[in-house]
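Below is one structure, written out as structure tokens, with a few remarks after it.
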Amino acid sequence: MDRMTDRRIRTRADLGDIAFDGVGLVPVVAQDSATGRILMVAWANLEALERTLETRRLHFWSRSRGELWMKGETSGNTLDLVSLHSDCDADTLVALVRPAGPACHTGETSCFGEGAGPRTEGTLPAVWATLVDRATTRPEGSYTVRLLEDPNLRVKKLGEETAELVQALAQGDAARATEEAADLLYHTLAALLAEGRSLDDLLSELDQRR
């Protein structure tokens, strides 16, 4: 993968590079790590960012109340931190998060309405949500349930789908290669779910390698 400038904020020491404004604040954009949807924007000071890194939940500074606050402290609609990043000037931050409920006080998913970010939740998150639903409801006759319950079948199908993708690529069959890649991705996601991993775990790993 391409090596890009890493502006991730991992520790308190990294906070020293942030260009806070004249009153010690910096805007923080909260973005859903799974869908890419912009959820909300709020202000944070050094203390709020320190609390965010410590608790892995977004904290902000209220300019109107003059106090520290945690998103979801009263509503339960918290924003769990996946990673925190600064822009090239270090005067704006993006927090990739896992939202526990709607981000907006109106009850909407995003403070920016339906037009912010993807028009839908995205195909990959939708596939993952279906897998999780099958794991929870265990409908009779579900192929996904069979995969989740049979580790030997999972490994076998991963091998078969990989071989079929390789064969399609070797034969220059682009259409079939796309189909086989989709099959392989589905079986990979099912295998990760069976091992107790999540789509966020996969996307975070890819983000670290980017």
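Ordered as shown in the structure tokens, chains take letters A, B, and onward, while each chain numbers its residues from 1 and ligands are numbered from 1 in the order shown.
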- [ ] Could you tell me, as JSON, numbers by chain, which residues of range 60-168 of chain A DSSP assigns to helix (DSSP H, G or I) when given the backbone?
- [x] {"A": [123, 124, 125, 126, 127, 128, 129, 130, 131, 132, 133, 134, 135, 136, 137, 143, 144, 145, 146, 147, 148, 149, 151, 152, 153, 154, 155, 156, 157, 158, 159, 160, 161, 162, 163, 164, 165, 166, 167, 168]}
| message | Please identify the strand (DSSP E or B) residues within chain A (assignment by DSSP from backbone atoms) and present them as a VMD selection string. | response | chain A and resid 8 26 to 32 38 to 44 57 59 to 62 67 to 70 79 to 86 93 to 99
Take the residues from that selection and put them in a file with N, CA and C atoms, as a short mmCIF file (atom, residue, chain, number, x, y, z; two decimals), in the first residue's frame.
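What follows is the written file selection.cif:
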data_model
loop_
_atom_site.label_atom_id
_atom_site.label_comp_id
_atom_site.auth_asym_id
_atom_site.auth_seq_id
_atom_site.Cartn_x
_atom_site.Cartn_y
_atom_site.Cartn_z
N ARG A 8 -1.81 10.44 12.74
CA ARG A 8 -2.62 9.88 13.81
C ARG A 8 -2.10 10.35 15.17
N VAL A 26 -9.89 23.44 19.52
CA VAL A 26 -9.69 22.93 18.18
C VAL A 26 -10.97 22.21 17.75
N PRO A 27 -11.43 22.37 16.51
CA PRO A 27 -12.63 21.65 16.06
C PRO A 27 -12.34 20.17 15.82
N VAL A 28 -13.29 19.33 16.20
CA VAL A 28 -13.16 17.88 16.02
C VAL A 28 -14.35 17.39 15.20
N VAL A 29 -14.06 16.76 14.08
CA VAL A 29 -15.09 16.19 13.21
C VAL A 29 -15.21 14.70 13.54
N ALA A 30 -16.40 14.28 13.94
CA ALA A 30 -16.63 12.87 14.24
C ALA A 30 -17.17 12.17 12.99
N GLN A 31 -16.48 11.10 12.57
CA GLN A 31 -16.83 10.38 11.35
C GLN A 31 -16.99 8.90 11.67
N ASP A 32 -18.08 8.32 11.20
CA ASP A 32 -18.33 6.90 11.41
C ASP A 32 -17.24 6.08 10.73
N ILE A 38 -20.19 11.63 8.04
CA ILE A 38 -19.89 12.68 8.99
C ILE A 38 -21.04 12.75 9.99
N LEU A 39 -20.74 12.65 11.27
CA LEU A 39 -21.77 12.60 12.29
C LEU A 39 -22.00 13.94 12.98
N MET A 40 -20.93 14.60 13.39
CA MET A 40 -21.08 15.85 14.12
C MET A 40 -19.74 16.57 14.18
N VAL A 41 -19.77 17.84 14.56
CA VAL A 41 -18.57 18.64 14.79
C VAL A 41 -18.72 19.35 16.13
N ALA A 42 -17.68 19.32 16.94
CA ALA A 42 -17.70 20.02 18.22
C ALA A 42 -16.29 20.49 18.54
N TRP A 43 -16.16 21.25 19.61
CA TRP A 43 -14.87 21.81 19.99
C TRP A 43 -14.27 21.02 21.15
N ALA A 44 -12.95 20.95 21.17
CA ALA A 44 -12.25 20.26 22.25
C ALA A 44 -11.04 21.09 22.68
N ARG A 57 -13.48 7.35 24.44
CA ARG A 57 -14.79 7.91 24.12
C ARG A 57 -14.64 9.41 23.95
N HIS A 59 -14.73 13.20 24.09
CA HIS A 59 -15.02 14.27 25.03
C HIS A 59 -14.82 15.61 24.33
N PHE A 60 -15.59 16.60 24.73
CA PHE A 60 -15.50 17.92 24.11
C PHE A 60 -15.51 19.00 25.18
N TRP A 61 -15.35 20.25 24.72
CA TRP A 61 -15.46 21.40 25.61
C TRP A 61 -16.64 22.24 25.15
N SER A 62 -17.58 22.49 26.07
CA SER A 62 -18.75 23.30 25.76
C SER A 62 -18.40 24.77 25.90
N GLU A 67 -17.60 24.05 30.18
CA GLU A 67 -17.26 22.84 30.92
C GLU A 67 -16.98 21.68 29.98
N LEU A 68 -16.29 20.69 30.51
CA LEU A 68 -15.98 19.46 29.78
C LEU A 68 -17.23 18.60 29.70
N TRP A 69 -17.45 17.92 28.57
CA TRP A 69 -18.57 16.99 28.47
C TRP A 69 -18.22 15.81 27.58
N MET A 70 -18.82 14.68 27.90
CA MET A 70 -18.63 13.47 27.11
C MET A 70 -19.86 13.24 26.26
N LEU A 79 -19.78 7.99 21.44
CA LEU A 79 -18.95 7.83 20.25
C LEU A 79 -17.64 7.21 20.71
N ASP A 80 -17.47 5.93 20.43
CA ASP A 80 -16.26 5.22 20.83
C ASP A 80 -15.15 5.47 19.82
N LEU A 81 -14.00 5.88 20.33
CA LEU A 81 -12.90 6.27 19.45
C LEU A 81 -12.22 5.06 18.82
N VAL A 82 -12.07 5.10 17.50
CA VAL A 82 -11.26 4.13 16.76
C VAL A 82 -9.87 4.71 16.55
N SER A 83 -9.81 5.94 16.04
CA SER A 83 -8.53 6.62 15.85
C SER A 83 -8.77 8.11 15.72
N LEU A 84 -7.72 8.87 16.04
CA LEU A 84 -7.80 10.33 16.01
C LEU A 84 -6.71 10.86 15.10
N HIS A 85 -7.06 11.80 14.21
CA HIS A 85 -6.13 12.28 13.20
C HIS A 85 -6.18 13.80 13.12
N SER A 86 -5.05 14.42 12.82
CA SER A 86 -5.00 15.86 12.59
C SER A 86 -4.84 16.12 11.10
N LEU A 93 -9.20 18.34 13.71
CA LEU A 93 -9.05 16.91 13.97
C LEU A 93 -10.23 16.14 13.40
N VAL A 94 -9.95 14.91 13.00
CA VAL A 94 -11.00 13.97 12.60
C VAL A 94 -10.91 12.78 13.54
N ALA A 95 -12.04 12.45 14.16
CA ALA A 95 -12.12 11.29 15.04
C ALA A 95 -12.95 10.21 14.34
N LEU A 96 -12.32 9.10 14.01
CA LEU A 96 -13.05 7.96 13.48
C LEU A 96 -13.65 7.21 14.66
N VAL A 97 -14.96 6.99 14.61
CA VAL A 97 -15.67 6.49 15.78
C VAL A 97 -16.62 5.36 15.45
N ARG A 98 -17.03 4.66 16.51
CA ARG A 98 -18.13 3.70 16.44
C ARG A 98 -19.29 4.30 17.24
N PRO A 99 -20.33 4.75 16.56
CA PRO A 99 -21.43 5.39 17.27
C PRO A 99 -22.35 4.37 17.94
#
Just to confirm, what's the straight-line distance from CA of Thr109 in chain A to CA of Arg51 in chain A in Å (one decimal)?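 Between these atoms lies a distance of 24.0 Å.
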Exercise for the section: Could you check how far CA of Asp183 in chain A sits from CA of Asp200 in chain A, in Å to one decimal? Expected result: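 CA of Asp200 in chain A lies at a distance of 19.9 Å from CA of Asp183 in chain A.
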Can you pull out every residue within 12 Å of Arg7 in chain A, counting only C-alpha atoms, but drop anything in the same chain fewer than 2 positions away, and send it as a tab-separated table (two decimals) with N, CA and C atoms, in the first residue's frame?
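In the end it all went to part.tsv:
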chain	number	residue	atom	x	y	z
A	4	MET	N	1.61	7.00	3.22
A	4	MET	CA	1.15	8.36	3.31
A	4	MET	C	1.56	8.92	4.66
A	5	THR	N	1.58	10.24	4.77
A	5	THR	CA	1.94	10.87	6.02
A	5	THR	C	0.99	10.43	7.12
A	9	ILE	N	-3.05	10.65	16.04
A	9	ILE	CA	-2.71	11.06	17.40
A	9	ILE	C	-2.96	9.86	18.30
A	10	ARG	N	-1.88	9.33	18.84
A	10	ARG	CA	-1.97	8.09	19.63
A	10	ARG	C	-1.80	8.32	21.13
A	11	THR	N	-0.96	9.26	21.50
A	11	THR	CA	-0.62	9.46	22.91
A	11	THR	C	-0.74	10.93	23.29
A	14	ASP	N	1.54	13.35	21.51
A	14	ASP	CA	1.16	13.81	20.17
A	14	ASP	C	0.28	15.05	20.23
A	15	LEU	N	-0.39	15.27	21.37
A	15	LEU	CA	-1.26	16.42	21.50
A	15	LEU	C	-0.48	17.73	21.51
A	17	ASP	N	1.49	18.73	19.38
A	17	ASP	CA	1.65	19.25	18.01
A	17	ASP	C	0.40	19.96	17.50
A	18	ILE	N	-0.70	19.92	18.27
A	18	ILE	CA	-1.95	20.51	17.81
A	18	ILE	C	-1.90	22.03	17.92
A	83	SER	N	-9.81	5.94	16.04
A	83	SER	CA	-8.53	6.62	15.85
A	83	SER	C	-8.77	8.11	15.72
A	84	LEU	N	-7.72	8.87	16.04
A	84	LEU	CA	-7.80	10.33	16.01
A	84	LEU	C	-6.71	10.86	15.10
A	85	HIS	N	-7.06	11.80	14.21
A	85	HIS	CA	-6.13	12.28	13.20
A	85	HIS	C	-6.18	13.80	13.12
A	86	SER	N	-5.05	14.42	12.82
A	86	SER	CA	-5.00	15.86	12.59
A	86	SER	C	-4.84	16.12	11.10
A	87	ASP	N	-5.24	17.33	10.68
A	87	ASP	CA	-5.01	17.69	9.28
A	87	ASP	C	-3.59	18.21	9.11
A	88	CYS	N	-3.26	18.63	7.90
A	88	CYS	CA	-1.88	19.03	7.59
A	88	CYS	C	-1.42	20.24	8.39
A	89	ASP	N	-2.35	21.11	8.80
A	89	ASP	CA	-2.00	22.29	9.58
A	89	ASP	C	-2.13	22.05	11.08
A	90	ALA	N	-2.60	20.85	11.45
A	90	ALA	CA	-2.78	20.47	12.86
A	90	ALA	C	-3.76	21.38	13.59
A	91	ASP	N	-4.69	22.03	12.84
A	91	ASP	CA	-5.66	22.90	13.49
A	91	ASP	C	-7.09	22.38	13.38
A	92	THR	N	-7.26	21.18	12.86
A	92	THR	CA	-8.55	20.50	12.79
A	92	THR	C	-8.32	19.01	12.97
A	93	LEU	N	-9.20	18.34	13.71
A	93	LEU	CA	-9.05	16.91	13.97
A	93	LEU	C	-10.23	16.14	13.40
A	94	VAL	N	-9.95	14.91	13.00
A	94	VAL	CA	-11.00	13.97	12.60
A	94	VAL	C	-10.91	12.78	13.54
A	95	ALA	N	-12.04	12.45	14.16
A	95	ALA	CA	-12.12	11.29	15.04
A	95	ALA	C	-12.95	10.21	14.34
A	207	ASP	N	-6.55	0.69	7.73
A	207	ASP	CA	-6.22	2.10	7.92
A	207	ASP	C	-4.80	2.26	8.45
A	208	GLN	N	-4.35	1.36	9.31
A	208	GLN	CA	-2.99	1.43	9.84
A	208	GLN	C	-1.95	1.18	8.75
A	210	ARG	N	-2.36	1.96	5.55
A	210	ARG	CA	-2.50	2.90	4.45
A	210	ARG	C	-1.33	3.90	4.41
Ranking A:Gly24, A:Gly36, A:Gly172, A:Pro102 by minimum distance to Leu203 in chain A and counting only C-alpha atoms, which one comes first?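 Comparing A:Gly24, A:Gly36, A:Gly172, A:Pro102 against Leu203 in chain A, the winner is A:Gly36.
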Between A:Thr123, A:Gln171, A:Lys157, A:Glu73, which is the closest to Tyr143 in chain A once you count only C-alpha atoms?
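Closest candidate: A:Lys157.
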Ser198 in chain A proximity check over A:Leu153, A:Val132, A:Leu169, A:Leu148, using only C-alpha atoms: winner is A:Val132
query: So which one's closest to Glu47 in chain A, A:Leu25, A:Ala191, A:Val166, A:Cys111? Using only C-alpha atoms, please.
result: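 That would be A:Leu25, the residue with the smallest distance to Glu47 in chain A.
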Quick one: distance from CA of Thr144 in chain A to CA of Leu202 in chain A in Å, one decimal?
->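 It comes out at 19.1 Å.
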Min atom-atom distance to Glu195 in chain A from the set A:Gly22, A:Gly66, A:Pro151, A:Gly159, counting only C-alpha atoms, belongs to A:Pro151
Using only C-alpha atoms, can you tell me which of A:Leu53, A:Thr137, A:Leu124, A:Asn77 comes closest to Gly101 in chain A?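 For Gly101 in chain A, the nearest of the given residues is A:Asn77.
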